[in-house]
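A.B. asks: Pasting my_file39.cif here (mmCIF, C-alpha atoms, pLDDT in the B column; chains and numbers go by the auth columns):
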```cif
data_upload
#
loop_
_atom_site.group_PDB
_atom_site.id
_atom_site.type_symbol
_atom_site.label_atom_id
_atom_site.label_comp_id
_atom_site.label_asym_id
_atom_site.label_seq_id
_atom_site.Cartn_x
_atom_site.Cartn_y
_atom_site.Cartn_z
_atom_site.B_iso_or_equiv
_atom_site.auth_seq_id
_atom_site.auth_asym_id
ATOM 1 C CA MET A 1 -1.783 129.497 121.151 93.00 13 A
ATOM 2 C CA TYR A 2 -2.334 126.999 123.913 92.00 14 A
ATOM 3 C CA LEU A 3 -2.939 127.237 127.640 92.00 15 A
ATOM 4 C CA GLY A 4 -1.788 124.541 130.043 91.00 16 A
ATOM 5 C CA TYR A 5 -3.523 124.389 133.429 91.00 17 A
ATOM 6 C CA GLN A 6 -2.259 122.957 136.725 90.00 18 A
ATOM 7 C CA ASN A 7 -4.387 123.101 139.870 89.00 19 A
ATOM 8 C CA GLY A 8 -6.813 125.491 138.203 87.00 20 A
ATOM 9 C CA LYS A 9 -4.147 128.026 137.219 88.00 21 A
ATOM 10 C CA ILE A 10 -2.575 128.716 133.847 91.00 22 A
ATOM 11 C CA LYS A 11 1.019 127.495 134.038 88.00 23 A
ATOM 12 C CA PHE A 12 1.905 127.454 130.342 90.00 24 A
ATOM 13 C CA TYR A 13 1.082 129.684 127.370 92.00 25 A
ATOM 14 C CA THR A 14 2.734 128.289 124.244 92.00 26 A
ATOM 15 C CA GLN A 15 2.499 128.251 120.471 92.00 27 A
ATOM 16 C CA GLU A 16 2.462 124.449 120.342 91.00 28 A
ATOM 17 C CA PRO A 17 0.116 122.166 122.277 89.00 29 A
ATOM 18 C CA LEU A 18 1.679 120.594 125.355 88.00 30 A
ATOM 19 C CA ASP A 19 1.694 116.947 126.344 91.00 31 A
ATOM 20 C CA GLN A 20 -0.806 116.867 129.207 89.00 32 A
ATOM 21 C CA VAL A 21 0.728 113.789 130.854 91.00 33 A
ATOM 22 C CA PHE A 22 4.389 114.787 130.473 91.00 34 A
ATOM 23 C CA TYR A 23 3.805 118.247 131.980 90.00 35 A
ATOM 24 C CA ASN A 24 1.331 116.941 134.585 89.00 36 A
ATOM 25 C CA LEU A 25 -1.394 119.282 133.353 92.00 37 A
ATOM 26 C CA ASP A 26 -5.041 119.177 134.348 92.00 38 A
ATOM 27 C CA LYS A 27 -6.018 120.312 130.855 91.00 39 A
ATOM 28 C CA VAL A 28 -4.735 121.974 127.696 93.00 40 A
ATOM 29 C CA GLU A 29 -6.909 124.302 125.664 92.00 41 A
ATOM 30 C CA GLU A 30 -6.442 126.310 122.496 94.00 42 A
ATOM 31 C CA THR A 31 -7.024 130.072 122.606 93.00 43 A
ATOM 32 C CA GLU A 32 -6.909 133.037 120.273 92.00 44 A
ATOM 33 C CA LEU A 33 -6.670 135.464 123.184 92.00 45 A
ATOM 34 C CA GLU A 34 -3.370 136.952 124.323 94.00 46 A
ATOM 35 C CA TYR A 35 -2.019 136.180 127.785 92.00 47 A
ATOM 36 C CA VAL A 36 0.945 137.617 129.706 90.00 48 A
ATOM 37 C CA LEU A 37 2.982 136.401 132.639 89.00 49 A
ATOM 38 C CA ASP A 38 1.995 138.496 135.643 85.00 50 A
ATOM 39 C CA GLY A 39 4.067 137.459 138.620 81.00 51 A
ATOM 40 C CA GLU A 40 3.934 133.677 138.677 81.00 52 A
ATOM 41 C CA GLU A 41 0.839 133.089 136.570 83.00 53 A
ATOM 42 C CA TYR A 42 -0.505 133.929 133.144 89.00 54 A
ATOM 43 C CA VAL A 43 -3.413 136.345 132.903 89.00 55 A
ATOM 44 C CA LEU A 44 -5.485 137.646 130.036 91.00 56 A
ATOM 45 C CA LYS A 45 -3.884 140.695 128.453 92.00 57 A
ATOM 46 C CA ASP A 46 -7.012 142.819 128.497 92.00 58 A
ATOM 47 C CA GLU A 47 -7.943 146.389 129.323 92.00 59 A
ATOM 48 C CA ALA A 48 -8.057 145.681 133.077 90.00 60 A
ATOM 49 C CA TRP A 49 -4.515 144.232 132.985 90.00 61 A
ATOM 50 C CA GLN A 50 -3.264 147.204 130.951 92.00 62 A
ATOM 51 C CA GLU A 51 -4.851 149.646 133.405 94.00 63 A
ATOM 52 C CA LYS A 52 -3.208 147.763 136.285 92.00 64 A
ATOM 53 C CA GLN A 53 0.181 148.035 134.540 92.00 65 A
ATOM 54 C CA ALA A 54 -0.343 151.752 133.863 94.00 66 A
ATOM 55 C CA LEU A 55 -1.180 152.315 137.543 95.00 67 A
ATOM 56 C CA LYS A 56 1.949 150.423 138.619 93.00 68 A
ATOM 57 C CA GLU A 57 4.035 152.580 136.269 95.00 69 A
ATOM 58 C CA ARG A 58 2.484 155.821 137.587 94.00 70 A
ATOM 59 C CA GLU A 59 3.213 154.680 141.156 96.00 71 A
ATOM 60 C CA ARG A 60 6.806 153.823 140.220 96.00 72 A
ATOM 61 C CA ILE A 61 7.353 157.191 138.560 96.00 73 A
ATOM 62 C CA ALA A 62 5.798 159.060 141.520 96.00 74 A
ATOM 63 C CA LYS A 63 8.438 157.504 143.798 96.00 75 A
ATOM 64 C CA LEU A 64 11.382 158.648 141.667 97.00 76 A
ATOM 65 C CA TYR A 65 13.381 161.385 143.306 97.00 77 A
ATOM 66 C CA LEU A 66 16.309 163.712 142.763 97.00 78 A
ATOM 67 C CA THR A 67 18.173 165.849 145.261 97.00 79 A
ATOM 68 C CA GLY A 68 17.297 169.513 145.524 96.00 80 A
ATOM 69 C CA ALA A 69 20.666 170.333 143.971 96.00 81 A
ATOM 70 C CA ASP A 70 19.965 167.984 141.029 97.00 82 A
ATOM 71 C CA VAL A 71 16.624 169.668 140.370 97.00 83 A
ATOM 72 C CA GLU A 72 17.915 173.219 140.719 97.00 84 A
ATOM 73 C CA ARG A 73 20.929 172.420 138.528 96.00 85 A
ATOM 74 C CA GLY A 74 18.710 170.819 135.885 96.00 86 A
ATOM 75 C CA ILE A 75 16.369 173.813 135.790 97.00 87 A
ATOM 76 C CA TYR A 76 19.337 176.174 135.631 97.00 88 A
ATOM 77 C CA GLN A 77 20.906 174.240 132.759 96.00 89 A
ATOM 78 C CA ALA A 78 17.605 174.028 130.883 96.00 90 A
ATOM 79 C CA LYS A 79 16.163 177.470 131.608 95.00 91 A
ATOM 80 C CA GLY A 80 18.920 179.564 133.206 96.00 92 A
ATOM 81 C CA MET A 81 16.844 179.897 136.378 96.00 93 A
ATOM 82 C CA ASP A 82 17.507 178.899 139.980 97.00 94 A
ATOM 83 C CA PHE A 83 15.005 178.469 142.813 97.00 95 A
ATOM 84 C CA ASP A 84 15.104 182.191 143.674 96.00 96 A
ATOM 85 C CA ASP A 85 14.133 182.984 140.079 97.00 97 A
ATOM 86 C CA ILE A 86 11.261 180.491 140.291 96.00 98 A
ATOM 87 C CA VAL A 87 9.964 182.069 143.506 96.00 99 A
ATOM 88 C CA ALA A 88 10.136 185.509 141.849 96.00 100 A
ATOM 89 C CA LEU A 89 8.271 184.188 138.790 95.00 101 A
ATOM 90 C CA VAL A 90 5.529 182.664 140.949 95.00 102 A
ATOM 91 C CA GLU A 91 5.237 185.896 142.946 94.00 103 A
ATOM 92 C CA GLN A 92 4.943 187.845 139.692 94.00 104 A
ATOM 93 C CA LEU A 93 2.454 185.555 137.917 92.00 105 A
ATOM 94 C CA GLN A 94 0.512 184.400 140.994 89.00 106 A
ATOM 95 C CA PRO A 95 -0.781 181.233 139.294 90.00 107 A
ATOM 96 C CA ALA A 96 -3.984 179.822 140.761 87.00 108 A
ATOM 97 C CA GLY A 97 -3.493 176.959 143.185 84.00 109 A
ATOM 98 C CA LEU A 98 0.209 177.600 143.805 90.00 110 A
ATOM 99 C CA ASP A 99 0.749 178.775 147.384 92.00 111 A
ATOM 100 C CA ILE A 100 4.002 180.782 147.418 94.00 112 A
ATOM 101 C CA LYS A 101 4.775 180.122 151.088 95.00 113 A
ATOM 102 C CA ALA A 102 4.231 176.381 150.662 95.00 114 A
ATOM 103 C CA LEU A 103 6.384 176.462 147.524 95.00 115 A
ATOM 104 C CA LYS A 104 9.216 178.131 149.422 95.00 116 A
ATOM 105 C CA ILE A 105 9.047 175.344 152.008 95.00 117 A
ATOM 106 C CA GLU A 106 9.032 172.684 149.279 95.00 118 A
ATOM 107 C CA LEU A 107 12.093 174.233 147.630 95.00 119 A
ATOM 108 C CA LYS A 108 14.070 173.679 150.859 95.00 120 A
ATOM 109 C CA ALA A 109 13.564 169.902 150.684 94.00 121 A
ATOM 110 C CA ASN A 110 16.598 167.616 150.429 96.00 122 A
ATOM 111 C CA ASN A 111 14.837 165.345 147.939 97.00 123 A
ATOM 112 C CA PHE A 112 12.244 166.117 145.314 96.00 124 A
ATOM 113 C CA TYR A 113 9.803 163.319 144.510 97.00 125 A
ATOM 114 C CA ARG A 114 8.280 163.201 141.062 97.00 126 A
ATOM 115 C CA GLY A 115 4.847 162.554 142.568 96.00 127 A
ATOM 116 C CA ASN A 116 4.880 165.838 144.490 95.00 128 A
ATOM 117 C CA PRO A 117 2.237 168.109 142.907 94.00 129 A
ATOM 118 C CA TYR A 118 4.565 171.108 143.230 95.00 130 A
ATOM 119 C CA VAL A 119 6.974 169.428 140.790 96.00 131 A
ATOM 120 C CA SER A 120 4.249 169.279 138.137 95.00 132 A
ATOM 121 C CA ALA A 121 2.959 172.783 138.913 94.00 133 A
ATOM 122 C CA VAL A 122 6.371 174.438 138.673 95.00 134 A
ATOM 123 C CA GLY A 123 7.264 172.272 135.679 95.00 135 A
ATOM 124 C CA ALA A 124 4.146 173.412 133.834 94.00 136 A
ATOM 125 C CA LEU A 125 4.906 177.021 134.738 94.00 137 A
ATOM 126 C CA LEU A 126 8.351 176.581 133.159 95.00 138 A
ATOM 127 C CA GLY A 127 6.858 174.953 130.064 94.00 139 A
ATOM 128 C CA PHE A 128 7.892 171.361 130.780 96.00 140 A
ATOM 129 C CA THR A 129 5.560 168.515 129.837 96.00 141 A
ATOM 130 C CA GLU A 130 4.730 165.693 132.228 96.00 142 A
ATOM 131 C CA GLU A 131 6.703 163.348 129.959 96.00 143 A
ATOM 132 C CA GLN A 132 9.780 165.603 130.112 96.00 144 A
ATOM 133 C CA LEU A 133 9.590 165.712 133.905 97.00 145 A
ATOM 134 C CA ASP A 134 9.180 161.929 134.098 97.00 146 A
ATOM 135 C CA LYS A 135 12.237 161.434 131.888 96.00 147 A
ATOM 136 C CA PHE A 136 14.266 164.005 133.867 97.00 148 A
ATOM 137 C CA PHE A 137 13.501 162.251 137.162 97.00 149 A
ATOM 138 C CA GLU A 138 14.258 158.893 135.554 96.00 150 A
ATOM 139 C CA THR A 139 17.647 159.940 134.137 96.00 151 A
ATOM 140 C CA ASN A 140 18.745 163.131 135.962 96.00 152 A
ATOM 141 C CA ASP A 141 19.639 164.459 132.503 96.00 153 A
ATOM 142 C CA TYR A 142 18.649 168.098 132.070 95.00 154 A
ATOM 143 C CA ALA A 143 18.702 167.603 128.283 95.00 155 A
ATOM 144 C CA CYS A 144 15.262 165.978 128.719 93.00 156 A
ATOM 145 C CA LEU A 145 14.007 169.430 129.669 95.00 157 A
ATOM 146 C CA ILE A 146 15.404 171.124 126.570 91.00 158 A
ATOM 147 C CA THR A 147 13.152 170.587 123.576 73.00 159 A
ATOM 148 C CA GLU A 148 11.041 172.711 121.295 56.00 160 A
ATOM 149 C CA GLN A 149 8.056 171.835 123.516 46.00 161 A
ATOM 150 C CA SER A 150 9.666 173.452 126.555 38.00 162 A
ATOM 151 C CA SER A 151 11.187 176.410 124.744 41.00 163 A
ATOM 152 C CA ASN A 152 9.710 179.769 125.599 45.00 164 A
ATOM 153 C CA ASP A 153 11.888 181.520 123.036 44.00 165 A
ATOM 154 C CA GLY A 154 9.496 182.853 120.417 40.00 166 A
#
```
Can the structure from this file be put into structure tokens for me?

C.D. replies:
Amino acid sequence: MYLGYQNGKIKFYTQEPLDQVFYNLDKVEETELEYVLDGEEYVLKDEAWQEKQALKERERIAKLYLTGADVERGIYQAKGMDFDDIVALVEQLQPAGLDIKALKIELKANNFYRGNPYVSAVGALLGFTEEQLDKFFETNDYACLITEQSSNDG
């Protein structure tokens, strides 16, 4: 692979060497490393870049939201429970770190954001994985919540 530089930045990453004059390049160099287009420039596809992409994806997923009705309907279709049933379950089990009064307030919200820690806490209580919750918030398809992983039927 070849890198073509203009004004100190990588502007081309190609399999074939580029004509330095035709493309007005400062230099062309051969590389065995892998580069990716990140915005308007090529950067080394290394661990730091992959971590940056993973962080961007986590931030994107955290901003996904569904309406309260979408969430309650999805839980009902997947588990046969509504928000009242969830409150009763939390009151019965009293899981550590889950404040029942705060949960009741959260359940009155118009929109539920995937990044809200109560979404993960209640999801875990119901047997949903983080991946299932991500997919549910991405698609609003309750079928994402129905798998062997989330089944509590023994």

A.B. asks: Report the centre and edge lengths, in Å to one decimal, of an axis-aligned box enclosing every atom of segment 98-105 of chain A listed in the file, padded by 6 Å on each side, as lines of an AutoDock Vina configuration file.

C.D. replies:
```
center_x = 6.9
center_y = 184.2
center_z = 140.7
size_x = 20.8
size_y = 19.4
size_z = 17.6
```

A.B. asks: Which neighbours of segment 16-26 of chain A fall inside 7 Å, counting only C-alpha atoms, when residues of the same chain fewer than 2 positions from it are skipped, and could you give them as a list of chain:residue names?

C.D. replies: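 Here the answer would be A:Met13, A:Tyr14, A:Glu28, A:Pro29, A:Leu37, A:Asp38, A:Lys39, A:Val40, A:Glu41, A:Glu53, A:Tyr54.
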
A.B. asks: Those same residues, written as a PDB file, in the coordinates of the input with C-alpha atoms?

C.D. replies:
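Writing the result to selection.pdb gives the following:
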```pdb
ATOM      1  CA  MET A  13      -1.783 129.497 121.151  1.00 93.00           C
ATOM      2  CA  TYR A  14      -2.334 126.999 123.913  1.00 92.00           C
ATOM      3  CA  GLU A  28       2.462 124.449 120.342  1.00 91.00           C
ATOM      4  CA  PRO A  29       0.116 122.166 122.277  1.00 89.00           C
ATOM      5  CA  LEU A  37      -1.394 119.282 133.353  1.00 92.00           C
ATOM      6  CA  ASP A  38      -5.041 119.177 134.348  1.00 92.00           C
ATOM      7  CA  LYS A  39      -6.018 120.312 130.855  1.00 91.00           C
ATOM      8  CA  VAL A  40      -4.735 121.974 127.696  1.00 93.00           C
ATOM      9  CA  GLU A  41      -6.909 124.302 125.664  1.00 92.00           C
ATOM     10  CA  GLU A  53       0.839 133.089 136.570  1.00 83.00           C
ATOM     11  CA  TYR A  54      -0.505 133.929 133.144  1.00 89.00           C
TER      12      TYR A  54
END
```

A.B. asks: Could you state the separation of atom CA of Tyr88 of chain A and atom CA of Glu143 of chain A in Å, given to one decimal place?

C.D. replies: 18.9 Å

A.B. asks: Considering all atoms listed in the file, can you say which of A:Asn128, A:Val99, A:Lys147, A:Gly135 comes closest to Leu115 of chain A?

C.D. replies: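 With all atoms listed in the file as the atom set, the closest residue is A:Val99.
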
A.B. asks: For Leu119 of chain A, list every protein, DNA or RNA residue within 12 Å, evaluated using all atoms listed in the file, and leave out those in the same chain fewer than 4 positions away; present the list as a PyMOL selection string.

C.D. replies: chain A and resi 79-81+83-84+94-99+112-115+123-125+128+130-131+134

A.B. asks: Have a look at A:Leu145, A:Leu15, A:Gln27, A:Asp153 and name the one nearest to Glu42 of chain A; count all atoms listed in the file.

C.D. replies: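 Of all the options, A:Leu15 lies closest to Glu42 of chain A.
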
A.B. asks: Can you work out which one of A:Asp58, A:Ala136, A:Glu63, A:Arg70 has the shortest atom-to-atom distance to Leu45 of chain A, counting all atoms listed in the file?

C.D. replies: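 Among A:Asp58, A:Ala136, A:Glu63, A:Arg70, it is A:Asp58 that comes nearest to Leu45 of chain A.
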
A.B. asks: I would like the residues chosen by the PyMOL selection byres ((chain A and resi 57) around 8) on the shown file; could you give them as a PDB file with C-alpha atoms, in the frame of the given file?

C.D. replies:
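Produced file selection.pdb, reproduced below:
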```pdb
ATOM      1  CA  LEU A  45      -6.670 135.464 123.184  1.00 92.00           C
ATOM      2  CA  GLU A  46      -3.370 136.952 124.323  1.00 94.00           C
ATOM      3  CA  TYR A  47      -2.019 136.180 127.785  1.00 92.00           C
ATOM      4  CA  VAL A  48       0.945 137.617 129.706  1.00 90.00           C
ATOM      5  CA  VAL A  55      -3.413 136.345 132.903  1.00 89.00           C
ATOM      6  CA  LEU A  56      -5.485 137.646 130.036  1.00 91.00           C
ATOM      7  CA  ASP A  58      -7.012 142.819 128.497  1.00 92.00           C
ATOM      8  CA  GLU A  59      -7.943 146.389 129.323  1.00 92.00           C
ATOM      9  CA  ALA A  60      -8.057 145.681 133.077  1.00 90.00           C
ATOM     10  CA  TRP A  61      -4.515 144.232 132.985  1.00 90.00           C
ATOM     11  CA  GLN A  62      -3.264 147.204 130.951  1.00 92.00           C
TER      12      GLN A  62
END
```

A.B. asks: For atom CA of Ala74 of chain A and atom CA of Glu142 of chain A, determine how far apart the two atoms are, in Å to one decimal place.

C.D. replies: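 Atom CA of Glu142 of chain A lies 11.5 Å from atom CA of Ala74 of chain A.
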
A.B. asks: Atom CA of Thr151 of chain A and atom CA of Asn122 of chain A are how many Å apart?

C.D. replies: 18.0 Å

A.B. asks: Find, counting only C-alpha atoms, the residue in A:Gly92, A:Gly139, A:Leu76, A:Thr43 that gets nearest to Thr159 of chain A.

C.D. replies: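 Looking at the shortest contact to Thr159 of chain A, the residue is A:Gly139.
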
A.B. asks: Would you please work out which residue, of A:Asp82, A:Glu118, A:Asp111, A:Glu69, is nearest to Phe149 of chain A when using only C-alpha atoms?

C.D. replies: A:Asp82

A.B. asks: Give the answer as one residue: which of A:Thr141, A:Arg126, A:Met93, A:Ala133 has the shortest atom-to-atom distance to Arg72 of chain A, using all atoms listed in the file?

C.D. replies: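 Nearest to Arg72 of chain A: A:Arg126.
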